[in-house]
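Worksheet: the structure to be examined is printed underneath.
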Amino acid sequence: MASSPLPYLVFGLEMESLIRPRSRNVFTNLAQRNWDDEMMPCSNSTKDTRDHRRNRSIMREQIAYDLQRNNVRAISGEAALDTEDFRQWTIADESSLNEVGDFWRVEFVSRAFLTTENWQVEVDKVFEVLQEDWEIHLTHGCSMHVHVSPGIMVDGFMKGQRYTIEHLRRLVKAIALFDDATTKIMPRERKENPWAESNFQGSKVPIQLKQLYSLVPAQTWAPLFNRIDQLKWPNLVFQALGENRYLSWNFSNISDSGTVEFRRPPGVINAVQAKHWVAVALGFVSSALGNNMERYTNFNHYLRIDELLPFLQSGIQRLAPTCGGALRHERIREDLSNPYGYTSAEMQDVERKKLEKKESPFAVKVSSRPNSPASRVSGSRSAHSSASGSSPGARSHTSNGSPGVRSNVPGNASSSSKMRPCGF
């Protein structure tokens, strides 16, 4: 007899940083790959050349090799994102970062994790490998993103799920309730960042939403919640929030990879910081999906930081014990620094890079399979080259055509259906 479905979350992280080699061992390995150790990274005043790109590629290949050698499956290069294999880390380029000194830009895109597996051990291992041979440097342009989607497990098989419209209403309400508190706990470079603006106070938020949010102290949450309740289809949430992916919580991937992306965290320099921000995202989503937000309808204040912490803790407690200990309670406090002030030239540079920016790497990884999961009922995963030349194992499917993968291999559900536009 089939067991009862066990709810869990599927997630992935993207970490942007600048790095440079620092150990004799890694310099030797890079030299064997024909790394040019006399070349400096591309600054704002120098043109990005083929040689710069070659050096970055060699660096990423070396990092992937080092991770593989330490039993962390990894692959390098942009082509690695356009595969059906989301069971390994991808070491990718991050063109939006400005390189400084002798530090080269890079982005670490994780495999898809389940909250029921020992994901913290793997994050620890990734940073252990990096910190042995590389020095990490962060600028105000570096950030970390966490993608989260729901799922269930049946008889040891994972079944990727989609957010329902009720899930999304609850999540949007929670984001509104804690929008102010979320901004307050961020460091100065992430408080008013054009790559991750407030969902309800940002510069491109729809006027009506911004007005309803501003009226909460006078009219309670009821008017804004009523607007949110008018959302009828999941794939219209992104439209209702202004069709802007560069928000604190990004809903642009709902119709393809099925994830909601928490974009607000700063860049991280160690595993403790990375795991903390993963826990913030997981705890927030878990608590939002597991609670009825209607109890806040008649409140007339923006929820405070001292209300955010128990909200996050409640969400973590609903998840597997493997998520315990990642949330750093002492970090859920107000950062009193003033927001970083972008110059006019910096804002022009940001807007230019937004036009050139591709989709989120993790979303590409989990949604760019050759055939949509719903259309495939059997077969195995094709082999893909990696730094060590290993190839992934076979992929199984459930009877309804959605991906069914053994317990530590996440996936996503079927492709989106086409809906008639209908926003707020």
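Ligands are numbered from 1 in the order shown, chains are lettered A, B, ... in the order of the structure tokens, and residues start at 1 in each chain.
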Nearby residues (only C-alpha atoms) at most 10 Å from range 39-56 of chain A, same-chain spacing under 4 positions excluded, as a PyMOL selection string: chain A and resi 20+30+33-35+60-62+77+92-93+98-106
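Compared by their closest atoms to Phe299 in chain A, and using only C-alpha atoms, the residues A:Val26, A:Ile165, A:Cys142, A:Leu224 rank with A:Leu224 nearest.
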Within 6 Å of range 329-342 of chain A using only C-alpha atoms, minus same-chain residues under 5 positions, as an MDAnalysis selection string: chainID A and resid 184:185 187:189 191
Backbone-only DSSP, helix (DSSP H, G or I) members of range 216-262 of chain A, as a ChimeraX atom specification: /A:216-219,222-229,234-240
Writer output for current selection, N, CA and C atoms, as a short mmCIF file (atom, residue, chain, number, x, y, z; two decimals), in the first residue's frame:
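Listing of out-v1.cif after writing:
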```
data_model
loop_
_atom_site.label_atom_id
_atom_site.label_comp_id
_atom_site.auth_asym_id
_atom_site.auth_seq_id
_atom_site.Cartn_x
_atom_site.Cartn_y
_atom_site.Cartn_z
N VAL A 216 -1.68 50.80 5.01
CA VAL A 216 -1.89 49.79 6.06
C VAL A 216 -2.08 50.41 7.45
N PRO A 217 -1.26 51.37 7.88
CA PRO A 217 -1.46 51.95 9.22
C PRO A 217 -2.82 52.60 9.40
N ALA A 218 -3.40 53.10 8.33
CA ALA A 218 -4.70 53.77 8.43
C ALA A 218 -5.87 52.84 8.16
N GLN A 219 -5.68 51.84 7.29
CA GLN A 219 -6.81 51.02 6.85
C GLN A 219 -6.62 49.52 7.10
N ALA A 222 -6.45 44.74 5.28
CA ALA A 222 -7.61 44.21 4.55
C ALA A 222 -7.66 44.63 3.08
N PRO A 223 -7.50 45.91 2.74
CA PRO A 223 -7.58 46.29 1.32
C PRO A 223 -6.51 45.61 0.46
N LEU A 224 -5.28 45.53 0.95
CA LEU A 224 -4.22 44.90 0.18
C LEU A 224 -4.47 43.39 0.06
N PHE A 225 -4.88 42.77 1.15
CA PHE A 225 -5.17 41.33 1.11
C PHE A 225 -6.32 41.03 0.15
N ASN A 226 -7.29 41.90 0.10
CA ASN A 226 -8.40 41.70 -0.84
C ASN A 226 -7.91 41.71 -2.28
N ARG A 227 -6.98 42.61 -2.57
CA ARG A 227 -6.40 42.67 -3.92
C ARG A 227 -5.65 41.38 -4.24
N ILE A 228 -4.88 40.91 -3.27
CA ILE A 228 -4.11 39.69 -3.48
C ILE A 228 -5.05 38.50 -3.71
N ASP A 229 -6.16 38.47 -3.00
CA ASP A 229 -7.13 37.37 -3.14
C ASP A 229 -7.81 37.36 -4.52
N PRO A 234 -1.76 31.04 -10.93
CA PRO A 234 -0.37 31.19 -10.48
C PRO A 234 0.51 32.00 -11.42
N ASN A 235 0.35 31.79 -12.74
CA ASN A 235 1.28 32.45 -13.66
C ASN A 235 0.98 33.93 -13.86
N LEU A 236 -0.01 34.46 -13.13
CA LEU A 236 -0.33 35.89 -13.21
C LEU A 236 0.22 36.67 -12.02
N VAL A 237 0.82 35.97 -11.05
CA VAL A 237 1.37 36.67 -9.89
C VAL A 237 2.50 37.59 -10.32
N PHE A 238 3.36 37.10 -11.20
CA PHE A 238 4.47 37.91 -11.70
C PHE A 238 3.96 39.19 -12.35
N GLN A 239 2.92 39.06 -13.15
CA GLN A 239 2.32 40.22 -13.82
C GLN A 239 1.76 41.20 -12.80
N ALA A 240 1.09 40.69 -11.79
CA ALA A 240 0.46 41.54 -10.79
C ALA A 240 1.48 42.34 -9.97
#
```
